[in-house]
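Enquirer: PDB, C-alpha atoms, file final.pdb:
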```
ATOM      1  CA  MET C  27       6.860 -12.379 -16.585
ATOM      2  CA  ARG C  28       8.161 -11.175 -13.231
ATOM      3  CA  LEU C  29       9.246 -13.400 -10.337
ATOM      4  CA  VAL C  30      10.205 -12.087  -6.909
ATOM      5  CA  VAL C  31      11.621 -14.615  -4.444
ATOM      6  CA  ILE C  32      11.304 -13.650  -0.775
ATOM      7  CA  SER C  33      13.624 -15.519   1.574
ATOM      8  CA  GLY C  34      15.444 -14.972   4.828
ATOM      9  CA  HIS C  35      15.283 -15.532   8.548
ATOM     10  CA  SER C  36      12.089 -16.718  10.190
ATOM     11  CA  GLY C  37      10.658 -13.745  12.045
ATOM     12  CA  SER C  38      12.291 -11.176   9.765
ATOM     13  CA  GLY C  39       9.037 -10.092   8.080
ATOM     14  CA  LYS C  40       8.819 -12.365   5.034
ATOM     15  CA  THR C  41       5.065 -12.914   5.416
ATOM     16  CA  SER C  42       4.535  -9.153   5.702
ATOM     17  CA  ALA C  43       6.606  -8.651   2.547
ATOM     18  CA  LEU C  44       4.432 -11.144   0.647
ATOM     19  CA  ASN C  45       1.297  -9.344   1.850
ATOM     20  CA  ILE C  46       2.756  -6.056   0.598
ATOM     21  CA  LEU C  47       3.499  -7.578  -2.802
ATOM     22  CA  GLU C  48       0.000  -9.031  -2.957
ATOM     23  CA  ASP C  49      -1.375  -5.510  -2.463
ATOM     24  CA  ALA C  50       0.890  -4.405  -5.340
ATOM     25  CA  GLY C  51      -0.715  -6.902  -7.725
ATOM     26  CA  PHE C  52       1.525  -9.944  -7.334
ATOM     27  CA  ALA C  53       0.167 -13.474  -7.054
ATOM     28  CA  CYS C  54       1.800 -14.744  -3.848
ATOM     29  CA  ILE C  55       2.662 -18.240  -2.600
ATOM     30  CA  ASP C  56       4.359 -18.826   0.728
ATOM     31  CA  ASN C  57       6.611 -21.751   1.693
ATOM     32  CA  LEU C  58       6.958 -23.120  -1.833
ATOM     33  CA  PRO C  59       9.437 -26.013  -2.216
ATOM     34  CA  ALA C  60      12.199 -24.715  -4.478
ATOM     35  CA  SER C  61      12.072 -27.860  -6.608
ATOM     36  CA  LEU C  62       8.508 -26.983  -7.693
ATOM     37  CA  LEU C  63       9.313 -23.435  -8.770
ATOM     38  CA  GLN C  64      10.259 -24.146 -12.374
ATOM     39  CA  ASN C  65       7.114 -26.231 -12.984
ATOM     40  CA  LEU C  66       4.991 -23.467 -11.476
ATOM     41  CA  ILE C  67       6.540 -20.876 -13.787
ATOM     42  CA  SER C  68       5.903 -23.134 -16.778
ATOM     43  CA  GLN C  69       2.237 -23.563 -15.860
ATOM     44  CA  LEU C  70       1.704 -19.841 -15.282
ATOM     45  CA  GLY C  71       3.411 -19.021 -18.566
ATOM     46  CA  LYS C  72       0.794 -20.908 -20.564
ATOM     47  CA  GLY C  73      -2.103 -19.036 -22.105
ATOM     48  CA  ALA C  74      -1.866 -15.326 -21.294
ATOM     49  CA  SER C  75       1.182 -13.260 -22.149
ATOM     50  CA  LYS C  76       4.054 -13.809 -19.739
ATOM     51  CA  LYS C  77       4.519 -10.053 -19.396
ATOM     52  CA  GLU C  78       1.148  -9.814 -17.689
ATOM     53  CA  LYS C  79       2.167 -12.164 -14.859
ATOM     54  CA  LYS C  80       3.687 -11.057 -11.564
ATOM     55  CA  LEU C  81       4.521 -13.795  -9.070
ATOM     56  CA  ALA C  82       6.066 -13.632  -5.591
ATOM     57  CA  VAL C  83       7.058 -16.767  -3.698
ATOM     58  CA  GLY C  84       8.335 -17.311  -0.191
ATOM     59  CA  ILE C  85      11.195 -19.816  -0.022
ATOM     60  CA  ASP C  86      12.898 -20.371   3.309
ATOM     61  CA  ALA C  87      14.361 -22.936   5.698
ATOM     62  CA  ARG C  88      11.041 -24.779   5.947
ATOM     63  CA  ASN C  89      11.798 -26.263   2.509
ATOM     64  CA  LEU C  90      12.808 -29.904   2.354
ATOM     65  CA  LEU C  91      16.454 -30.340   3.290
ATOM     66  CA  GLY C  92      18.615 -30.066   0.186
ATOM     67  CA  ASP C  93      16.117 -28.057  -1.906
ATOM     68  CA  LEU C  94      17.990 -24.800  -1.463
ATOM     69  CA  SER C  95      21.277 -26.297  -2.620
ATOM     70  CA  THR C  96      19.918 -26.203  -6.189
ATOM     71  CA  ILE C  97      18.209 -22.817  -6.032
ATOM     72  CA  ALA C  98      20.903 -21.014  -8.054
ATOM     73  CA  GLU C  99      20.580 -23.464 -10.946
ATOM     74  CA  ILE C 100      16.769 -23.374 -10.795
ATOM     75  CA  LEU C 101      16.672 -19.565 -11.017
ATOM     76  CA  LYS C 102      19.278 -19.576 -13.799
ATOM     77  CA  LYS C 103      17.003 -21.793 -15.914
ATOM     78  CA  ILE C 104      13.983 -19.613 -15.163
ATOM     79  CA  ARG C 105      15.889 -16.490 -16.245
ATOM     80  CA  ALA C 106      16.903 -18.295 -19.435
ATOM     81  CA  ASP C 107      13.189 -18.580 -20.262
ATOM     82  CA  GLY C 108      12.902 -14.792 -20.266
ATOM     83  CA  VAL C 109      11.539 -14.326 -16.749
ATOM     84  CA  GLN C 110      12.730 -11.317 -14.754
ATOM     85  CA  VAL C 111      13.892 -12.712 -11.402
ATOM     86  CA  ASP C 112      14.673 -10.783  -8.223
ATOM     87  CA  VAL C 113      15.694 -12.387  -4.932
ATOM     88  CA  ILE C 114      15.094 -10.447  -1.717
ATOM     89  CA  PHE C 115      16.763 -11.808   1.408
ATOM     90  CA  MET C 116      15.338 -10.504   4.695
ATOM     91  CA  TYR C 117      17.184 -10.670   7.964
ATOM     92  CA  ALA C 118      17.348  -9.053  11.379
ATOM     93  CA  ARG C 119      19.859  -8.867  14.178
ATOM     94  CA  ARG C 120      19.880 -11.793  16.580
ATOM     95  CA  PRO C 121      18.526  -9.857  19.612
ATOM     96  CA  ASP C 122      15.642  -8.545  17.507
ATOM     97  CA  LEU C 123      14.728 -12.020  16.238
ATOM     98  CA  VAL C 124      14.814 -13.419  19.768
ATOM     99  CA  ARG C 125      12.680 -10.536  21.030
ATOM    100  CA  ARG C 126      10.079 -11.024  18.270
ATOM    101  CA  TYR C 127       9.691 -14.702  19.087
ATOM    102  CA  SER C 128       9.508 -13.937  22.805
ATOM    103  CA  GLU C 129       6.832 -11.261  22.304
ATOM    104  CA  THR C 130       4.638 -13.275  19.946
ATOM    105  CA  ARG C 131       5.281 -16.641  21.621
ATOM    106  CA  ARG C 132       5.593 -18.167  18.170
ATOM    107  CA  LYS C 133       7.789 -21.208  17.825
ATOM    108  CA  HIS C 134      10.728 -21.032  15.457
ATOM    109  CA  PRO C 135      10.111 -23.633  12.710
ATOM    110  CA  LEU C 136      13.485 -25.294  13.341
ATOM    111  CA  SER C 137      13.378 -25.303  17.135
ATOM    112  CA  SER C 138      12.333 -28.372  19.127
ATOM    113  CA  SER C 139      12.691 -29.917  22.550
ATOM    114  CA  GLY C 140      16.325 -30.597  21.703
ATOM    115  CA  VAL C 141      17.060 -27.396  19.744
ATOM    116  CA  SER C 142      17.012 -24.002  21.473
ATOM    117  CA  LEU C 143      15.889 -20.798  19.772
ATOM    118  CA  MET C 144      19.455 -19.543  19.308
ATOM    119  CA  GLU C 145      20.531 -22.916  17.949
ATOM    120  CA  ALA C 146      17.575 -22.871  15.530
ATOM    121  CA  ILE C 147      18.603 -19.432  14.268
ATOM    122  CA  GLU C 148      22.166 -20.631  13.696
ATOM    123  CA  LEU C 149      20.912 -23.759  11.880
ATOM    124  CA  GLU C 150      18.670 -21.618   9.719
ATOM    125  CA  ASP C 151      21.662 -19.497   8.699
ATOM    126  CA  SER C 152      23.453 -22.533   7.316
ATOM    127  CA  LEU C 153      20.362 -23.814   5.474
ATOM    128  CA  LEU C 154      19.747 -20.406   3.889
ATOM    129  CA  ALA C 155      23.362 -19.892   2.811
ATOM    130  CA  PRO C 156      22.773 -20.990  -0.836
ATOM    131  CA  ILE C 157      20.011 -18.457  -1.407
ATOM    132  CA  ALA C 158      21.747 -15.736   0.617
ATOM    133  CA  LYS C 159      24.684 -15.964  -1.819
ATOM    134  CA  ILE C 160      22.581 -15.277  -4.907
ATOM    135  CA  THR C 161      20.308 -12.534  -3.561
ATOM    136  CA  ASN C 162      20.385  -9.188  -5.325
ATOM    137  CA  GLN C 163      18.859  -7.284  -2.402
ATOM    138  CA  LYS C 164      19.336  -7.804   1.331
ATOM    139  CA  VAL C 165      16.859  -6.111   3.672
ATOM    140  CA  ASP C 166      17.672  -5.548   7.339
ATOM    141  CA  THR C 167      14.283  -5.300   9.100
ATOM    142  CA  THR C 168      15.727  -4.579  12.540
ATOM    143  CA  GLY C 169      13.664  -1.809  14.099
ATOM    144  CA  LEU C 170      11.456  -1.253  11.033
ATOM    145  CA  SER C 171       7.764  -0.533  11.505
ATOM    146  CA  GLN C 172       5.183  -2.147   9.226
ATOM    147  CA  ASN C 173       4.805   1.103   7.276
ATOM    148  CA  GLN C 174       8.559   1.498   6.874
ATOM    149  CA  LEU C 175       8.830  -2.073   5.628
ATOM    150  CA  ARG C 176       5.983  -1.483   3.170
ATOM    151  CA  GLY C 177       7.707   1.561   1.707
ATOM    152  CA  LEU C 178      11.061  -0.219   1.487
ATOM    153  CA  ILE C 179       9.656  -3.282  -0.302
ATOM    154  CA  LYS C 180       7.778  -1.091  -2.788
ATOM    155  CA  ARG C 181      10.902   0.914  -3.588
ATOM    156  CA  ILE C 182      12.945  -2.266  -4.118
ATOM    157  CA  VAL C 183      10.416  -4.117  -6.265
ATOM    158  CA  GLU C 184       8.938  -1.276  -8.298
ATOM    159  CA  PRO C 185      11.180   1.801  -7.955
ATOM    160  CA  ASP C 186       9.808   3.373 -11.142
ATOM    161  CA  ASN C 187       6.167   2.505 -10.478
ATOM    162  CA  VAL C 188       5.200   4.216  -7.237
ATOM    163  CA  ASN C 189       1.699   3.373  -6.033
ATOM    164  CA  TYR C 190       0.285   6.807  -5.300
ATOM    165  CA  MET C 191      -2.279   7.431  -2.617
ATOM    166  CA  ALA C 192      -5.748   8.008  -4.086
ATOM    167  CA  ILE C 193      -7.486  11.085  -2.648
ATOM    168  CA  LEU C 194     -11.277  11.363  -2.805
ATOM    169  CA  PHE C 195     -13.073  14.661  -2.154
ATOM    170  CA  GLU C 196     -16.702  13.918  -1.365
ATOM    171  CA  SER C 197     -19.599  16.300  -0.734
ATOM    172  CA  PHE C 198     -22.526  15.261   1.464
ATOM    173  CA  GLY C 199     -25.586  16.616   3.276
ATOM    174  CA  TYR C 200     -25.729  16.574   7.080
ATOM    175  CA  LYS C 201     -29.498  16.070   6.998
ATOM    176  CA  ARG C 202     -28.845  12.567   5.611
ATOM    177  CA  GLY C 203     -26.202  11.724   8.204
ATOM    178  CA  LEU C 204     -22.432  11.519   8.241
ATOM    179  CA  PRO C 205     -20.681   9.539   5.496
ATOM    180  CA  GLU C 206     -18.894   6.331   6.404
ATOM    181  CA  ASN C 207     -15.150   5.795   6.107
ATOM    182  CA  SER C 208     -14.177   9.473   6.020
ATOM    183  CA  ASP C 209     -10.666  10.346   7.148
ATOM    184  CA  PHE C 210     -11.421  14.075   7.448
ATOM    185  CA  ILE C 211     -14.785  15.849   7.612
ATOM    186  CA  PHE C 212     -15.081  19.607   7.067
ATOM    187  CA  ASP C 213     -18.317  21.391   7.952
ATOM    188  CA  VAL C 214     -19.134  24.342   5.633
ATOM    189  CA  ARG C 215     -22.639  25.035   6.949
ATOM    190  CA  CYS C 216     -21.360  28.340   8.362
ATOM    191  CA  LEU C 217     -20.943  29.749   4.835
ATOM    192  CA  PRO C 218     -23.646  31.803   3.060
ATOM    193  CA  ASN C 219     -26.360  29.465   1.782
ATOM    194  CA  PRO C 220     -27.538  29.792  -1.845
ATOM    195  CA  TYR C 221     -30.667  27.868  -0.833
ATOM    196  CA  TRP C 222     -32.182  31.076   0.524
ATOM    197  CA  LYS C 223     -31.991  32.680  -2.906
ATOM    198  CA  ALA C 224     -35.120  31.555  -4.747
ATOM    199  CA  GLU C 225     -33.399  31.613  -8.133
ATOM    200  CA  LEU C 226     -30.572  29.404  -6.806
ATOM    201  CA  ARG C 227     -32.548  26.990  -4.648
ATOM    202  CA  HIS C 228     -32.984  24.334  -7.309
ATOM    203  CA  LYS C 229     -29.497  24.680  -8.757
ATOM    204  CA  THR C 230     -26.335  22.984  -7.508
ATOM    205  CA  GLY C 231     -22.764  23.933  -6.703
ATOM    206  CA  LEU C 232     -21.793  22.764 -10.183
ATOM    207  CA  GLU C 233     -23.651  25.623 -11.882
ATOM    208  CA  PRO C 234     -22.150  29.046 -12.689
ATOM    209  CA  ALA C 235     -24.825  31.073 -10.863
ATOM    210  CA  VAL C 236     -24.184  29.264  -7.555
ATOM    211  CA  ILE C 237     -20.413  29.448  -8.040
ATOM    212  CA  GLN C 238     -20.656  33.194  -8.678
ATOM    213  CA  PHE C 239     -22.805  33.676  -5.563
ATOM    214  CA  LEU C 240     -20.351  31.804  -3.315
ATOM    215  CA  GLU C 241     -17.241  33.428  -4.718
ATOM    216  CA  ALA C 242     -18.706  36.860  -4.013
ATOM    217  CA  HIS C 243     -18.294  36.169  -0.261
ATOM    218  CA  VAL C 244     -14.811  36.519   1.244
ATOM    219  CA  GLU C 245     -15.513  33.924   3.957
ATOM    220  CA  VAL C 246     -15.888  31.236   1.284
ATOM    221  CA  ALA C 247     -12.379  31.937  -0.026
ATOM    222  CA  ALA C 248     -11.081  32.069   3.557
ATOM    223  CA  MET C 249     -12.604  28.675   4.381
ATOM    224  CA  LEU C 250     -11.106  27.175   1.221
ATOM    225  CA  ALA C 251      -7.670  28.590   2.065
ATOM    226  CA  ASP C 252      -7.834  27.212   5.607
ATOM    227  CA  ILE C 253      -8.797  23.717   4.420
ATOM    228  CA  VAL C 254      -6.020  23.748   1.814
ATOM    229  CA  GLY C 255      -3.508  24.869   4.424
ATOM    230  CA  PHE C 256      -4.535  22.037   6.747
ATOM    231  CA  LEU C 257      -4.427  19.401   4.015
ATOM    232  CA  ASP C 258      -1.115  20.657   2.622
ATOM    233  CA  ARG C 259       0.398  19.947   6.016
ATOM    234  CA  TRP C 260      -1.151  16.526   6.673
ATOM    235  CA  ILE C 261      -1.572  14.806   3.278
ATOM    236  CA  PRO C 262       2.212  14.198   3.041
ATOM    237  CA  LYS C 263       2.115  12.499   6.461
ATOM    238  CA  PHE C 264      -0.497  10.038   5.214
ATOM    239  CA  GLN C 265       1.596   9.418   2.089
ATOM    240  CA  GLU C 266       4.702   8.770   4.207
ATOM    241  CA  ASN C 267       2.735   6.067   6.027
ATOM    242  CA  ASN C 268       1.942   4.347   2.704
ATOM    243  CA  ARG C 269      -1.792   4.882   2.848
ATOM    244  CA  SER C 270      -3.548   3.706  -0.315
ATOM    245  CA  TYR C 271      -6.670   5.866   0.070
ATOM    246  CA  LEU C 272      -7.616   9.142   1.759
ATOM    247  CA  THR C 273     -11.254  10.286   1.862
ATOM    248  CA  ILE C 274     -11.989  13.944   2.628
ATOM    249  CA  SER C 275     -15.672  14.771   3.125
ATOM    250  CA  ILE C 276     -17.177  18.258   2.854
ATOM    251  CA  GLY C 277     -20.628  18.718   4.351
ATOM    252  CA  CYS C 278     -23.379  21.314   4.183
ATOM    253  CA  THR C 279     -27.055  21.051   5.133
ATOM    254  CA  GLY C 280     -28.463  19.426   2.005
ATOM    255  CA  GLY C 281     -25.308  18.530   0.089
ATOM    256  CA  GLN C 282     -26.412  20.525  -2.967
ATOM    257  CA  HIS C 283     -24.607  23.864  -3.003
ATOM    258  CA  ARG C 284     -21.774  24.803  -0.626
ATOM    259  CA  SER C 285     -20.269  21.348  -0.104
ATOM    260  CA  VAL C 286     -20.436  20.581  -3.832
ATOM    261  CA  TYR C 287     -18.670  23.824  -4.690
ATOM    262  CA  MET C 288     -15.978  23.301  -2.037
ATOM    263  CA  ALA C 289     -15.319  19.672  -2.988
ATOM    264  CA  ASN C 290     -14.921  20.685  -6.637
ATOM    265  CA  ARG C 291     -12.537  23.527  -5.788
ATOM    266  CA  LEU C 292     -10.407  21.192  -3.694
ATOM    267  CA  TYR C 293     -10.430  18.610  -6.471
ATOM    268  CA  VAL C 294      -9.223  21.167  -9.024
ATOM    269  CA  HIS C 295      -6.557  22.471  -6.648
ATOM    270  CA  TYR C 296      -5.065  19.071  -5.773
ATOM    271  CA  SER C 297      -5.337  17.667  -9.285
ATOM    272  CA  GLU C 298      -2.493  20.020 -10.182
ATOM    273  CA  ASN C 299       0.038  18.313  -7.894
ATOM    274  CA  GLN C 300      -1.397  14.926  -6.877
ATOM    275  CA  PRO C 301      -1.489  12.044  -9.390
ATOM    276  CA  ALA C 302      -4.661  10.282  -8.201
ATOM    277  CA  VAL C 303      -7.479  12.648  -7.191
ATOM    278  CA  GLN C 304     -11.223  12.018  -7.483
ATOM    279  CA  VAL C 305     -14.381  13.930  -6.622
ATOM    280  CA  GLY C 306     -17.850  12.627  -5.755
ATOM    281  CA  HIS C 307     -21.159  14.142  -4.663
ATOM    282  CA  LYS C 308     -23.313  11.870  -2.521
ATOM    283  CA  GLU C 309     -26.518  13.895  -2.821
ATOM    284  CA  LEU C 310     -26.458  14.715  -6.530
TER     285      LEU C 310
END
```
Do you think you could lay out the structure here as structure tokens?
Expert:
Amino acid sequence: MRLVVISGHSGSGKTSALNILEDAGFACIDNLPASLLQNLISQLGKGASKKEKKLAVGIDARNLLGDLSTIAEILKKIRADGVQVDVIFMYARRPDLVRRYSETRRKHPLSSSGVSLMEAIELEDSLLAPIAKITNQKVDTTGLSQNQLRGLIKRIVEPDNVNYMAILFESFGYKRGLPENSDFIFDVRCLPNPYWKAELRHKTGLEPAVIQFLEAHVEVAAMLADIVGFLDRWIPKFQENNRSYLTISIGCTGGQHRSVYMANRLYVHYSENQPAVQVGHKEL
């Protein structure tokens, strides 16, 4: 079983971190009282194999006063039961925390009519001291974008299990309309059309005769090279932004010949160096 504890300053991105872990397959619980953690682990450990469970919990200064003073002992007992435990402590510089609260107009959970924002931040520091001492990873979120935070959390939690971006190459026919949710659309209707060859009309771009016809025209190879050159430049940019999916649509008139051939060629090409590539043909 795997347990990741997310703690740290209010406004430092703890909720975003839990959302990221949820996307990575963790069951996530925010604002869990530390005293309930061991019972929760015991309940989750019943039934299915513990190795199949991945849990992330948010524990912060909103816990009942005194709960965090026992957090080290609680986690020690959980580790003794064979659970892999990681504690991530998130923080940001004071000016950045103040700016975030000013921009969002959120109220700091420890502030009140008698406690200013800066005083609340200082109080939070003292309450979080017990868990800050036992963390095995501190994350400074000052100036980080959401995508940068996502990449950082993934590298910390699962450094050897990178979630690769899935790339889908999809052929379609313009006569049936544009596909939904495409990130890129390439129009190959300018290429020679096998439809006008009677012996090829009822075949598809999957069949050798159509493939041979298309590969006999230099413009087909030129179009393929241009699309590959474009994608080689921009696919890494999508990966750097931690995209989970990228859909690339290739369209011809009926979605039977040219687009099918081109989508398949792109699929074969990128399968050699991308770990998660798929191909689909909407009209077949």
Enquirer: For this structure, which residues satisfy the selection - the PyMOL selection byres ((chain C and resi 283) around 6) - when it is evaluated on the file as given? I want them as a PyMOL selection string.
Expert: chain C and resi 230-231+282+284-286
Enquirer: For Glu150 in chain C, which residue among C:Ile67, C:Ala242, C:Ala87, C:Leu101 is the nearest when counting only C-alpha atoms?
Expert: C:Ala87
Enquirer: Please indicate the distance in Å from CA of Leu178 in chain C to CA of Arg105 in chain C, rounded to one decimal place.
Expert: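 Between CA of Leu178 in chain C and CA of Arg105 in chain C the gap works out to 24.5 Å.
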Enquirer: Go through C:Val183, C:Leu70, C:Val246, C:Val294 one by one, measure the shortest atom-to-atom distance of each to Val111 in chain C using all atoms listed in the file, and give the residue with the smallest value.
Expert: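 Residue with the minimum atom-to-atom distance to Val111 in chain C: C:Val183.
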Enquirer: Select, from C:Asn207, C:Ser197, C:Ser36, C:Thr279, the residue with the minimum atom-to-atom distance to Ile85 in chain C, counting only C-alpha atoms.
Expert: C:Ser36
Enquirer: Please list as a VMD selection string every residue within 12 Å of range 134-139 of chain C, counting only C-alpha atoms and excluding residues in the same chain fewer than 2 positions away.
Expert: chain C and resid 35 to 38 57 86 to 91 123 to 124 126 to 128 130 to 132 141 to 153
